[in-house]
Amino acid sequence: MLPICVTMEFRKLRHSHLWLVFLVIPLIPTVMGAGNYLNNLGMLKSEWYSLWTQCSLFYSNFFYGPLIALYCAYIWRVEHLNHNWNQLMTMPVPVRDIFLGKLVLALGCTVFLQLWLWVLFAAAGRYVGLPGQPPAEILVWILRGSVGGMGIAALQLLLAMIIRSFAVPIALALLGSIVGFLLSNGGLGLYWPYSLMLMGMNANKDTDMVGNLVGFGVSAAAFLVLFTALGIWYLKKKDISAS
């Protein structure tokens, strides 16, 4: 039943303008990062790595988490606006698959955003005159950031399901990202999902800040499983109250 739910959720989004938002918004931190790089050439001497510190500084702290939250809020918007919880719960599919169907697309969103960032980053490097190709290590950081972002996707999906407001979950994602920046700098990043995204990407760093890769993976998996389980539990509880 899960493939059916994924297909249904994809059809809801196929004719929306959400993908245009995802294509345009990441341009903002990329342009800001490139401009900051060009304005500080006297201090930034590590070429591609220096450019990465500037682009990732803006993107990871102010855009990535809220973009995931925007997606999650949008895919629950139909249920909230149309008050169609009963219709949703009477679908001939397990409640678990309803949540997981939305989660699969949200997880795909985290990866898509990161791959698009890689394309924009490479283009920005060409624009500022950097030689050669971006280091493959930075691509690894970007993809690792998407792993850290999966826990955020599950959490934001849970919040968007519970909170009827479209804007509040997005604001919480922005706040969570800022707190994540502080905690990651304080050595507590493994205990906060938004910090994992920052750590995975080496946001504003030109050296690897994930010292314990196993610990990073375990923490990312734990947050993903925890928030997914809570989301399924809440949806089942909602089913009882709606019937």
# chains A, B, ... in the order shown; residues from 1 in each chain; ligands from 1
>>> closest_atom_pairs(of="segment 122-195 of chain A", to="segment 92-100 of chain A", cutoff="10 Å", atoms="only C-alpha atoms", output="JSON lines")
{"residue": "A:Ala154", "atom": "CA", "partner": "A:Leu100", "partner_atom": "CA", "distance": 9.4}
{"residue": "A:Leu157", "atom": "CA", "partner": "A:Phe99", "partner_atom": "CA", "distance": 8.5}
{"residue": "A:Leu158", "atom": "CA", "partner": "A:Phe99", "partner_atom": "CA", "distance": 9.0}
{"residue": "A:Met161", "atom": "CA", "partner": "A:Phe99", "partner_atom": "CA", "distance": 9.5}
>>> residues_around(residues="Ala220 of chain A", least_positions_apart="3", cutoff="8 Å", atoms="only C-alpha atoms", output="ChimeraX atom specification")
/A:147-148,150-151,193,196,216-217,223-224
>>> write_last_selection(atoms="N, CA and C atoms", output="PDB file, in the first residue's frame")
ATOM      1  N   VAL A 147      21.428  13.424   4.945  1.00  0.00           N
ATOM      2  CA  VAL A 147      21.165  12.376   5.945  1.00  0.00           C
ATOM      3  C   VAL A 147      20.766  13.021   7.270  1.00  0.00           C
ATOM      4  N   GLY A 148      21.515  14.062   7.669  1.00  0.00           N
ATOM      5  CA  GLY A 148      21.144  14.788   8.866  1.00  0.00           C
ATOM      6  C   GLY A 148      19.784  15.453   8.739  1.00  0.00           C
ATOM      7  N   MET A 150      17.172  14.288   7.301  1.00  0.00           N
ATOM      8  CA  MET A 150      16.036  13.358   7.293  1.00  0.00           C
ATOM      9  C   MET A 150      15.297  13.351   8.629  1.00  0.00           C
ATOM     10  N   GLY A 151      16.042  13.496   9.719  1.00  0.00           N
ATOM     11  CA  GLY A 151      15.382  13.622  11.013  1.00  0.00           C
ATOM     12  C   GLY A 151      14.548  14.890  11.090  1.00  0.00           C
ATOM     13  N   PRO A 193      18.402  17.501  16.207  1.00  0.00           N
ATOM     14  CA  PRO A 193      18.328  17.130  14.781  1.00  0.00           C
ATOM     15  C   PRO A 193      18.805  18.211  13.828  1.00  0.00           C
ATOM     16  N   LEU A 196      22.541  18.204  13.377  1.00  0.00           N
ATOM     17  CA  LEU A 196      23.090  17.135  12.538  1.00  0.00           C
ATOM     18  C   LEU A 196      23.197  17.578  11.085  1.00  0.00           C
ATOM     19  N   PHE A 216      27.344   9.970  14.428  1.00  0.00           N
ATOM     20  CA  PHE A 216      26.502  10.817  13.575  1.00  0.00           C
ATOM     21  C   PHE A 216      25.393   9.983  12.936  1.00  0.00           C
ATOM     22  N   GLY A 217      25.761   8.825  12.384  1.00  0.00           N
ATOM     23  CA  GLY A 217      24.775   7.972  11.725  1.00  0.00           C
ATOM     24  C   GLY A 217      23.739   7.433  12.694  1.00  0.00           C
ATOM     25  N   PHE A 223      16.794   9.894  15.402  1.00  0.00           N
ATOM     26  CA  PHE A 223      15.818  10.973  15.249  1.00  0.00           C
ATOM     27  C   PHE A 223      14.790  10.639  14.174  1.00  0.00           C
ATOM     28  N   LEU A 224      15.236  10.048  13.092  1.00  0.00           N
ATOM     29  CA  LEU A 224      14.306   9.671  12.023  1.00  0.00           C
ATOM     30  C   LEU A 224      13.288   8.663  12.521  1.00  0.00           C
TER      31      LEU A 224
END
>>> atom_distance(atom1="atom CA of Pro66 of chain A", atom2="atom CA of Ile170 of chain A")
5.1 Å
>>> closest_residue(among="A:Gly42, A:Pro29, A:Gly108, A:Gly186", to="Gly149 of chain A", atoms="only C-alpha atoms")
A:Gly108
>>> closest_residue(among="A:Glu47, A:Tyr59, A:Tyr37, A:Cys72", to="Leu18 of chain A", atoms="only C-alpha atoms")
A:Cys72
>>> atom_distance(atom1="atom CA of Leu174 of chain A", atom2="atom CA of Phe62 of chain A")
6.1 Å
>>> residues_around(residues="Thr53 of chain A", least_positions_apart="3", cutoff="12 Å", atoms="only C-alpha atoms", output="PyMOL selection string")
chain A and resi 29-30+32-34+36-37+40+44-50+56-61+121+138+141+198+201-208
>>> write_last_selection(atoms="N, CA and C atoms", output="short mmCIF file (atom, residue, chain, number, x, y, z; two decimals), in the first residue's frame")
data_model
loop_
_atom_site.label_atom_id
_atom_site.label_comp_id
_atom_site.auth_asym_id
_atom_site.auth_seq_id
_atom_site.Cartn_x
_atom_site.Cartn_y
_atom_site.Cartn_z
N PRO A 29 20.95 32.07 -0.91
CA PRO A 29 22.17 31.89 -0.12
C PRO A 29 23.41 31.68 -0.98
N THR A 30 23.23 31.11 -2.18
CA THR A 30 24.38 30.92 -3.07
C THR A 30 24.93 32.26 -3.53
N MET A 32 24.45 35.14 -2.02
CA MET A 32 24.98 35.82 -0.84
C MET A 32 26.37 35.29 -0.48
N GLY A 33 26.52 33.96 -0.55
CA GLY A 33 27.81 33.36 -0.23
C GLY A 33 28.88 33.75 -1.22
N ALA A 34 28.54 33.78 -2.52
CA ALA A 34 29.51 34.17 -3.54
C ALA A 34 29.91 35.63 -3.37
N ASN A 36 29.85 37.35 -0.57
CA ASN A 36 30.68 37.44 0.63
C ASN A 36 32.10 36.96 0.37
N TYR A 37 32.21 35.92 -0.46
CA TYR A 37 33.53 35.40 -0.82
C TYR A 37 34.33 36.45 -1.59
N ASN A 40 35.79 39.21 0.49
CA ASN A 40 36.77 38.85 1.53
C ASN A 40 37.90 37.99 0.97
N LEU A 44 40.05 34.84 2.63
CA LEU A 44 39.61 33.51 2.21
C LEU A 44 40.57 32.98 1.15
N LYS A 45 41.44 32.08 1.54
CA LYS A 45 42.52 31.62 0.67
C LYS A 45 42.39 30.17 0.22
N SER A 46 41.33 29.49 0.62
CA SER A 46 41.23 28.06 0.33
C SER A 46 40.34 27.73 -0.85
N GLU A 47 40.12 28.73 -1.71
CA GLU A 47 39.39 28.56 -2.96
C GLU A 47 38.03 27.89 -2.76
N TRP A 48 37.83 26.71 -3.31
CA TRP A 48 36.52 26.07 -3.24
C TRP A 48 36.05 25.88 -1.80
N TYR A 49 36.95 25.53 -0.92
CA TYR A 49 36.58 25.32 0.47
C TYR A 49 36.15 26.64 1.13
N SER A 50 36.83 27.71 0.79
CA SER A 50 36.45 29.02 1.33
C SER A 50 35.08 29.44 0.81
N SER A 56 27.51 27.78 2.60
CA SER A 56 26.86 26.92 3.59
C SER A 56 26.45 27.70 4.83
N LEU A 57 27.17 28.78 5.14
CA LEU A 57 26.82 29.60 6.30
C LEU A 57 25.39 30.11 6.19
N PHE A 58 25.02 30.66 5.05
CA PHE A 58 23.68 31.21 4.87
C PHE A 58 22.65 30.09 4.63
N TYR A 59 23.00 29.15 3.78
CA TYR A 59 22.05 28.12 3.38
C TYR A 59 21.62 27.25 4.56
N SER A 60 22.58 26.74 5.32
CA SER A 60 22.26 25.79 6.37
C SER A 60 21.58 26.44 7.57
N ASN A 61 21.92 27.68 7.87
CA ASN A 61 21.36 28.35 9.04
C ASN A 61 19.99 28.96 8.80
N PHE A 121 26.36 25.58 -6.31
CA PHE A 121 27.69 25.83 -5.75
C PHE A 121 28.76 25.75 -6.84
N ILE A 138 33.40 17.91 -0.82
CA ILE A 138 32.29 18.81 -0.52
C ILE A 138 30.96 18.17 -0.91
N TRP A 141 30.02 15.99 1.84
CA TRP A 141 29.44 16.78 2.93
C TRP A 141 27.99 17.14 2.64
N LEU A 198 23.65 20.66 10.08
CA LEU A 198 24.77 21.61 10.02
C LEU A 198 26.11 20.89 10.08
N MET A 201 27.00 18.94 6.86
CA MET A 201 27.41 19.81 5.76
C MET A 201 28.71 20.56 6.05
N ASN A 202 29.22 20.45 7.27
CA ASN A 202 30.37 21.28 7.66
C ASN A 202 30.07 22.75 7.40
N ALA A 203 28.90 23.19 7.87
CA ALA A 203 28.45 24.54 7.62
C ALA A 203 29.46 25.55 8.16
N ASN A 204 29.89 26.45 7.29
CA ASN A 204 30.85 27.50 7.60
C ASN A 204 32.20 26.95 8.06
N LYS A 205 32.52 25.72 7.66
CA LYS A 205 33.80 25.11 8.02
C LYS A 205 34.48 24.61 6.74
N ASP A 206 35.80 24.64 6.73
CA ASP A 206 36.52 24.09 5.58
C ASP A 206 37.22 22.79 5.93
N THR A 207 36.98 22.27 7.15
CA THR A 207 37.48 20.95 7.55
C THR A 207 36.33 20.16 8.14
N ASP A 208 36.48 18.85 8.14
CA ASP A 208 35.38 17.97 8.57
C ASP A 208 35.11 18.12 10.06
#
>>> decode(residues="segment 75-125 of chain A", atoms="N, CA and C atoms", output="CSV table (one decimal), in the first residue's frame")
chain,number,residue,atom,x,y,z
A,75,ILE,N,2.3,19.7,2.2
A,75,ILE,CA,1.7,18.4,1.9
A,75,ILE,C,0.6,18.0,3.0
A,76,TRP,N,0.6,18.7,4.1
A,76,TRP,CA,-0.5,18.5,5.1
A,76,TRP,C,-1.6,19.6,4.9
A,77,ARG,N,-1.3,20.6,4.0
A,77,ARG,CA,-2.2,21.7,3.8
A,77,ARG,C,-3.6,21.3,3.4
A,78,VAL,N,-3.7,20.3,2.5
A,78,VAL,CA,-5.0,19.9,2.0
A,78,VAL,C,-5.9,19.3,3.1
A,79,GLU,N,-5.3,18.5,4.0
A,79,GLU,CA,-6.1,18.0,5.1
A,79,GLU,C,-6.5,19.1,6.0
A,80,HIS,N,-5.7,20.1,6.3
A,80,HIS,CA,-6.0,21.1,7.2
A,80,HIS,C,-7.1,22.1,6.6
A,81,LEU,N,-6.9,22.4,5.4
A,81,LEU,CA,-7.8,23.4,4.8
A,81,LEU,C,-9.2,22.8,4.5
A,82,ASN,N,-9.2,21.5,4.1
A,82,ASN,CA,-10.5,20.9,3.7
A,82,ASN,C,-11.2,20.1,4.8
A,83,HIS,N,-10.5,20.1,6.0
A,83,HIS,CA,-11.1,19.4,7.1
A,83,HIS,C,-11.4,17.9,6.7
A,84,ASN,N,-10.6,17.3,6.0
A,84,ASN,CA,-11.0,16.0,5.4
A,84,ASN,C,-10.2,14.8,6.1
A,85,TRP,N,-10.1,15.0,7.5
A,85,TRP,CA,-9.4,13.9,8.2
A,85,TRP,C,-10.2,12.6,8.1
A,86,ASN,N,-11.5,12.6,8.2
A,86,ASN,CA,-12.3,11.4,8.1
A,86,ASN,C,-12.1,10.7,6.8
A,87,GLN,N,-12.1,11.5,5.7
A,87,GLN,CA,-11.8,10.9,4.4
A,87,GLN,C,-10.4,10.3,4.3
A,88,LEU,N,-9.5,11.0,4.9
A,88,LEU,CA,-8.1,10.5,4.9
A,88,LEU,C,-8.0,9.2,5.7
A,89,MET,N,-8.7,9.1,6.9
A,89,MET,CA,-8.6,7.9,7.7
A,89,MET,C,-9.4,6.7,7.2
A,90,THR,N,-10.4,7.0,6.3
A,90,THR,CA,-11.2,5.9,5.8
A,90,THR,C,-10.7,5.4,4.5
A,91,MET,N,-9.5,5.9,4.1
A,91,MET,CA,-8.9,5.3,2.9
A,91,MET,C,-8.5,3.8,3.1
A,92,PRO,N,-8.6,3.0,2.1
A,92,PRO,CA,-8.3,1.5,2.3
A,92,PRO,C,-6.8,1.2,2.4
A,93,VAL,N,-6.1,2.0,3.2
A,93,VAL,CA,-4.7,1.8,3.4
A,93,VAL,C,-4.4,1.9,4.9
A,94,PRO,N,-3.3,1.2,5.4
A,94,PRO,CA,-3.0,1.4,6.8
A,94,PRO,C,-2.6,2.9,7.1
A,95,VAL,N,-3.0,3.3,8.3
A,95,VAL,CA,-2.6,4.6,8.7
A,95,VAL,C,-1.1,4.9,8.7
A,96,ARG,N,-0.4,3.8,9.0
A,96,ARG,CA,1.1,3.9,8.9
A,96,ARG,C,1.6,4.3,7.5
A,97,ASP,N,1.0,3.8,6.5
A,97,ASP,CA,1.4,4.1,5.1
A,97,ASP,C,1.0,5.5,4.7
A,98,ILE,N,0.0,6.0,5.3
A,98,ILE,CA,-0.4,7.4,5.0
A,98,ILE,C,0.7,8.4,5.4
A,99,PHE,N,1.2,8.2,6.6
A,99,PHE,CA,2.3,9.0,7.1
A,99,PHE,C,3.6,8.7,6.4
A,100,LEU,N,3.9,7.5,6.2
A,100,LEU,CA,5.1,7.1,5.5
A,100,LEU,C,5.1,7.6,4.0
A,101,GLY,N,4.0,7.6,3.4
A,101,GLY,CA,3.9,8.1,2.0
A,101,GLY,C,4.3,9.5,1.9
A,102,LYS,N,3.8,10.3,2.9
A,102,LYS,CA,4.2,11.7,2.9
A,102,LYS,C,5.7,11.9,3.3
A,103,LEU,N,6.2,11.0,4.2
A,103,LEU,CA,7.6,11.1,4.6
A,103,LEU,C,8.5,10.7,3.5
A,104,VAL,N,8.2,9.7,2.7
A,104,VAL,CA,9.1,9.4,1.6
A,104,VAL,C,9.3,10.6,0.7
A,105,LEU,N,8.3,11.3,0.4
A,105,LEU,CA,8.4,12.5,-0.5
A,105,LEU,C,9.2,13.6,0.2
A,106,ALA,N,9.0,13.7,1.5
A,106,ALA,CA,9.7,14.7,2.3
A,106,ALA,C,11.2,14.4,2.3
A,107,LEU,N,11.5,13.1,2.5
A,107,LEU,CA,12.9,12.7,2.4
A,107,LEU,C,13.5,12.9,1.1
A,108,GLY,N,12.8,12.7,0.0
A,108,GLY,CA,13.2,13.0,-1.3
A,108,GLY,C,13.5,14.4,-1.5
A,109,CYS,N,12.7,15.3,-0.8
A,109,CYS,CA,12.9,16.7,-0.9
A,109,CYS,C,14.2,17.1,-0.3
A,110,THR,N,14.6,16.5,0.8
A,110,THR,CA,15.9,16.8,1.5
A,110,THR,C,17.1,16.5,0.5
A,111,VAL,N,17.0,15.4,-0.2
A,111,VAL,CA,18.1,15.0,-1.1
A,111,VAL,C,18.1,15.9,-2.3
A,112,PHE,N,16.9,16.2,-2.9
A,112,PHE,CA,16.8,17.1,-4.0
A,112,PHE,C,17.4,18.4,-3.8
A,113,LEU,N,17.1,19.0,-2.6
A,113,LEU,CA,17.6,20.3,-2.3
A,113,LEU,C,19.1,20.3,-2.2
A,114,GLN,N,19.7,19.3,-1.7
A,114,GLN,CA,21.1,19.2,-1.5
A,114,GLN,C,21.8,19.0,-2.9
A,115,LEU,N,21.3,18.2,-3.8
A,115,LEU,CA,21.8,18.0,-5.1
A,115,LEU,C,21.7,19.3,-5.9
A,116,TRP,N,20.6,20.0,-5.7
A,116,TRP,CA,20.5,21.3,-6.4
A,116,TRP,C,21.5,22.3,-5.9
A,117,LEU,N,21.7,22.3,-4.6
A,117,LEU,CA,22.8,23.1,-4.0
A,117,LEU,C,24.1,22.9,-4.6
A,118,TRP,N,24.4,21.6,-4.8
A,118,TRP,CA,25.7,21.2,-5.4
A,118,TRP,C,25.9,21.9,-6.8
A,119,VAL,N,24.8,21.8,-7.6
A,119,VAL,CA,24.8,22.4,-8.9
A,119,VAL,C,25.0,24.0,-8.8
A,120,LEU,N,24.3,24.6,-7.9
A,120,LEU,CA,24.4,26.0,-7.7
A,120,LEU,C,25.8,26.4,-7.2
A,121,PHE,N,26.4,25.6,-6.3
A,121,PHE,CA,27.7,25.8,-5.8
A,121,PHE,C,28.8,25.8,-6.8
A,122,ALA,N,28.6,24.7,-7.7
A,122,ALA,CA,29.6,24.6,-8.8
A,122,ALA,C,29.5,25.8,-9.7
A,123,ALA,N,28.3,26.3,-10.0
A,123,ALA,CA,28.1,27.4,-10.9
A,123,ALA,C,28.7,28.7,-10.2
A,124,ALA,N,28.5,28.8,-8.9
A,124,ALA,CA,29.0,30.0,-8.2
A,124,ALA,C,30.5,30.0,-8.3
A,125,GLY,N,31.1,28.8,-8.1
A,125,GLY,CA,32.6,28.7,-8.2
A,125,GLY,C,33.1,29.2,-9.6
